[in-house]
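S.K.: Can you read through this structure? Questions will come right after.
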Amino acid sequence: MSSLSDITLLDYATPQINRYFGIFIFFFGMIGSILNILVLSQKPLYLNPCARLFLMSSITSIIAFMSGLITRILSSWQLDFSETNRTLCKLRGLIVYASITSNFWLIALATIDRWLSSSHLTSRRRKSTLKNAQRGGIIIISLSIGIYLQILYCFDANLIDTPMQCYGKSSQCRILTDLSFALITILCPLLIMIFFSLMTISNVRQIHHRIHHQPLNVIIQHKKVDRQLLIMLFFQITLLFLLSLPLSIQRLYLTFTNNDFKTILQKSIDNFVYNLTLLFIYLANGITFYLYTISGGGTFRKSLFNLFKRRQRIIH
């Protein structure tokens with residue numbers, strides 16, 4: 001009797017979380033991502049390679065919200081047409097996976113850029129350019145799409161005994177998609193972020209050996225922007241790690257227990273945990289603006305205030 005009540009509770013809680021938590025994340029995240037784009041499009045941030053990568057990641061966040069989070073919300077009312085339409089299912093899957101993957105790898109690339117810009121070697125610092133940031137961003141987006149083209153074959157609609165009705169149609173497809181998402185989309189970029197963050201800290205300790213050879217006004221301006229972007233990056237990496245690791249673990253768990261016998265209660269638990277951890281990914285993407293505002297120092301907040309002042313002048 002207890003198991004039956006637990007199953008009923010979990011099956012009821014899953015769509016409720018998708019609905020109300022999803023709606024909160026959507027509006028919270030969309031507003032933040034749009035403001036991110038507007039702020040990061042202003043000088044001096046727009047001319048910084050790391051900020052340009054932040055800008056691109058904000059755009060991919062909006063794409064993920066529009067293609068993935070909306071369908072999670074609609075599914076709570078049985079209004080997600082991608083669950084029953086094969087074409088919509090495949091296209092939605094490709095766009096969602098590619099946009100989330102691009103987002104993670106763009107942040108990883110921003111970490112590499114901070115390492116290059118903080119290096120005591122001139123040859124490395126010269127590689128931290130807008131051109132390289134844009135080129136790297138385009139390559140990341142292209143590869144993210146290429147990696148998940150298999151979804152056009154693997155995904156199908158109207159499935160049962162899967163976390164979502166639009167999911168991998170065979171055990172081989174599910175293993176491929178789950179492993180790709182856990183390893184390529186989440187774990188690999190997270191490890192790169194952590195590694196290059198530690199390398200950047202090492203570089204910062206040596207930075208005083210080279211700043212005295214530059215004009216004082218250039219030193220102050222560049223050092224201020226770089227330091228604040230570095231703080232923003234570290235906070236974002238910590239947030240991504242805490243909010244995305246649970247989904248990565250859940251996807252690996254589903255992969256390795258794919259052929260195991262599971263009770264109805266176990267399936268309900270798996271479905272609940274999967275949907276909850278999936279929303280955490282969207283939360284990690286949606287909270288970046290508020291994180292930047294808190295941790296970005298005067299540069300980010302000044303750009304935000306200037307944006308609001310310009311909008312007020314236009315209105316009046």
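Starting from 1 in every chain, residues are counted up; chains themselves are A, B, ... following the order of the structure tokens, and ligands are numbered from 1 as listed.
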List as a ChimeraX atom specification the protein and nucleic acid residues near Ser244 of chain A, meaning an atom at most 7 Å away when only C-alpha atoms are counted, but skip any in the same chain fewer than 4 places from it.
M.R.: /A:186,240,248,280-281
S.K.: Find the residues near segment 162-167 of chain A: any atom within 12 Å, counting only C-alpha atoms, skip ones fewer than 4 places away on the same chain, and give them as a ChimeraX atom specification.
M.R.: /A:11,14-15,68,71-72,75-76,78,80-94,97,151-158,171-178,250-251,254-255,258,267-278
S.K.: Could you list, as a VMD selection string, every residue within 9 Å of segment 131-136 of chain A, counting only C-alpha atoms and ignoring same-chain residues fewer than 5 positions away?
M.R.: chain A and resid 49 to 50 52 to 53 56 106 109 to 110 113 141
S.K.: Just to be explicit: take each residue in the selection above, keep N, CA and C atoms, and write the result as a PDB file, in the first residue's frame.
M.R.:
ATOM      1  N   PRO A  49      37.152  39.136 -25.694  1.00  0.00           N
ATOM      2  CA  PRO A  49      36.882  37.780 -26.208  1.00  0.00           C
ATOM      3  C   PRO A  49      36.061  36.917 -25.254  1.00  0.00           C
ATOM      4  N   CYS A  50      36.371  36.993 -23.957  1.00  0.00           N
ATOM      5  CA  CYS A  50      35.640  36.191 -22.972  1.00  0.00           C
ATOM      6  C   CYS A  50      34.182  36.633 -22.899  1.00  0.00           C
ATOM      7  N   ARG A  52      32.534  38.037 -25.258  1.00  0.00           N
ATOM      8  CA  ARG A  52      31.879  37.642 -26.504  1.00  0.00           C
ATOM      9  C   ARG A  52      31.399  36.189 -26.423  1.00  0.00           C
ATOM     10  N   LEU A  53      32.188  35.344 -25.778  1.00  0.00           N
ATOM     11  CA  LEU A  53      31.779  33.947 -25.595  1.00  0.00           C
ATOM     12  C   LEU A  53      30.602  33.851 -24.622  1.00  0.00           C
ATOM     13  N   MET A  56      27.577  34.665 -26.688  1.00  0.00           N
ATOM     14  CA  MET A  56      27.149  33.538 -27.514  1.00  0.00           C
ATOM     15  C   MET A  56      26.467  32.468 -26.667  1.00  0.00           C
ATOM     16  N   LEU A 106      31.014  26.570 -24.875  1.00  0.00           N
ATOM     17  CA  LEU A 106      31.356  27.987 -24.995  1.00  0.00           C
ATOM     18  C   LEU A 106      31.916  28.519 -23.681  1.00  0.00           C
ATOM     19  N   LEU A 109      35.368  27.200 -23.426  1.00  0.00           N
ATOM     20  CA  LEU A 109      36.261  27.996 -24.272  1.00  0.00           C
ATOM     21  C   LEU A 109      36.578  29.339 -23.621  1.00  0.00           C
ATOM     22  N   ALA A 110      35.605  29.917 -22.926  1.00  0.00           N
ATOM     23  CA  ALA A 110      35.850  31.165 -22.196  1.00  0.00           C
ATOM     24  C   ALA A 110      36.893  30.954 -21.102  1.00  0.00           C
ATOM     25  N   ASP A 113      40.171  30.935 -22.780  1.00  0.00           N
ATOM     26  CA  ASP A 113      40.530  32.311 -23.130  1.00  0.00           C
ATOM     27  C   ASP A 113      41.092  33.058 -21.927  1.00  0.00           C
ATOM     28  N   ILE A 141      29.631  25.318 -32.082  1.00  0.00           N
ATOM     29  CA  ILE A 141      28.223  25.165 -32.467  1.00  0.00           C
ATOM     30  C   ILE A 141      28.075  24.146 -33.592  1.00  0.00           C
TER      31      ILE A 141
END
S.K.: Can you pull out the residues contacting Met66 of chain A? Cut-off 10 Å, using only C-alpha atoms, and skip same-chain residues under 2 positions away; I want them as a list of chain:residue names.
M.R.: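 The filter keeps A:Phe26, A:Met30, A:Thr60, A:Ser61, A:Ile62, A:Ile63, A:Ala64, A:Gly68, A:Leu69, A:Ile70, A:Thr71, A:Arg92, A:Ile95, A:Val96.
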S.K.: Save the residues we just selected, N, CA and C atoms, as a PDB file, in the first residue's frame?
M.R.:
ATOM      1  N   PHE A  26      11.691  29.440 -16.754  1.00  0.00           N
ATOM      2  CA  PHE A  26      11.556  30.013 -18.093  1.00  0.00           C
ATOM      3  C   PHE A  26      11.553  31.541 -18.047  1.00  0.00           C
ATOM      4  N   MET A  30      14.704  33.562 -19.203  1.00  0.00           N
ATOM      5  CA  MET A  30      14.571  34.329 -20.442  1.00  0.00           C
ATOM      6  C   MET A  30      14.876  35.805 -20.208  1.00  0.00           C
ATOM      7  N   THR A  60      22.615  30.766 -26.931  1.00  0.00           N
ATOM      8  CA  THR A  60      22.300  29.330 -26.933  1.00  0.00           C
ATOM      9  C   THR A  60      21.367  28.970 -25.777  1.00  0.00           C
ATOM     10  N   SER A  61      21.463  29.701 -24.667  1.00  0.00           N
ATOM     11  CA  SER A  61      20.546  29.465 -23.544  1.00  0.00           C
ATOM     12  C   SER A  61      19.108  29.768 -23.949  1.00  0.00           C
ATOM     13  N   ILE A  62      18.912  30.864 -24.659  1.00  0.00           N
ATOM     14  CA  ILE A  62      17.565  31.220 -25.120  1.00  0.00           C
ATOM     15  C   ILE A  62      17.023  30.151 -26.059  1.00  0.00           C
ATOM     16  N   ILE A  63      17.881  29.651 -26.949  1.00  0.00           N
ATOM     17  CA  ILE A  63      17.459  28.587 -27.872  1.00  0.00           C
ATOM     18  C   ILE A  63      17.054  27.341 -27.091  1.00  0.00           C
ATOM     19  N   ALA A  64      17.830  27.008 -26.049  1.00  0.00           N
ATOM     20  CA  ALA A  64      17.509  25.840 -25.221  1.00  0.00           C
ATOM     21  C   ALA A  64      16.184  26.035 -24.488  1.00  0.00           C
ATOM     22  N   GLY A  68      13.473  23.482 -25.555  1.00  0.00           N
ATOM     23  CA  GLY A  68      13.429  22.405 -24.575  1.00  0.00           C
ATOM     24  C   GLY A  68      12.561  22.656 -23.365  1.00  0.00           C
ATOM     25  N   LEU A  69      12.731  23.821 -22.752  1.00  0.00           N
ATOM     26  CA  LEU A  69      12.015  24.082 -21.501  1.00  0.00           C
ATOM     27  C   LEU A  69      10.520  24.288 -21.735  1.00  0.00           C
ATOM     28  N   ILE A  70      10.162  24.951 -22.821  1.00  0.00           N
ATOM     29  CA  ILE A  70       8.737  25.152 -23.118  1.00  0.00           C
ATOM     30  C   ILE A  70       8.027  23.811 -23.270  1.00  0.00           C
ATOM     31  N   THR A  71       8.672  22.865 -23.933  1.00  0.00           N
ATOM     32  CA  THR A  71       8.040  21.554 -24.123  1.00  0.00           C
ATOM     33  C   THR A  71       7.917  20.803 -22.805  1.00  0.00           C
ATOM     34  N   ARG A  92      13.220  18.824 -32.341  1.00  0.00           N
ATOM     35  CA  ARG A  92      13.346  19.359 -30.994  1.00  0.00           C
ATOM     36  C   ARG A  92      14.549  18.747 -30.285  1.00  0.00           C
ATOM     37  N   ILE A  95      17.854  20.220 -31.651  1.00  0.00           N
ATOM     38  CA  ILE A  95      18.069  21.615 -31.245  1.00  0.00           C
ATOM     39  C   ILE A  95      18.396  21.716 -29.759  1.00  0.00           C
ATOM     40  N   VAL A  96      17.669  20.976 -28.927  1.00  0.00           N
ATOM     41  CA  VAL A  96      17.895  21.031 -27.478  1.00  0.00           C
ATOM     42  C   VAL A  96      19.288  20.522 -27.118  1.00  0.00           C
TER      43      VAL A  96
END
S.K.: Nearest residue to Ala108 of chain A out of A:Asn36, A:Ser67, A:Ser197, A:Ser180, using only C-alpha atoms?
M.R.: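 Of A:Asn36, A:Ser67, A:Ser197, A:Ser180, the one nearest Ala108 of chain A, counting only C-alpha atoms, is A:Ser197.
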S.K.: Interatomic distance between atom CA of Leu183 of chain A and atom CA of Lys169 of chain A?
M.R.: 20.4 Å
S.K.: Atom CA of Phe305 of chain A and atom CA of Ile59 of chain A, how far apart in Å?
M.R.: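 Separation of atom CA of Ile59 of chain A and atom CA of Phe305 of chain A: 21.2 Å.
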S.K.: Quick one: everything within 10 Å of Arg124 of chain A, counting only C-alpha atoms, minus sequence neighbours fewer than 6 positions away in the same chain. Send it as a ChimeraX atom specification.
M.R.: /A:113,115-118
S.K.: Ranking A:Gln42, A:Ser303, A:Gln266, A:Ser119 by minimum distance to Leu10 of chain A and counting only C-alpha atoms, which one comes first?
M.R.: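 Of all the options, A:Gln266 lies closest to Leu10 of chain A.
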S.K.: Would you please extract all alpha helix (DSSP H) residues from segment 62-92 of chain A, as assigned by DSSP on the backbone, and give them as number ranges by chain?
M.R.: A: 62-64, 70-75, 86-92
S.K.: Return the single residue from A:Leu179, A:Ala98, A:Leu79, A:Ala284 that is closest to Ser142 of chain A, with distances computed using only C-alpha atoms.
M.R.: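 Once distances to Ser142 of chain A are computed over only C-alpha atoms, the minimum belongs to A:Ala98.
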S.K.: Suppose you want the space between atom CA of Ile23 of chain A and atom CA of Ser102 of chain A; what is it in Å?
M.R.: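 Distance between the two atoms: 23.1 Å.
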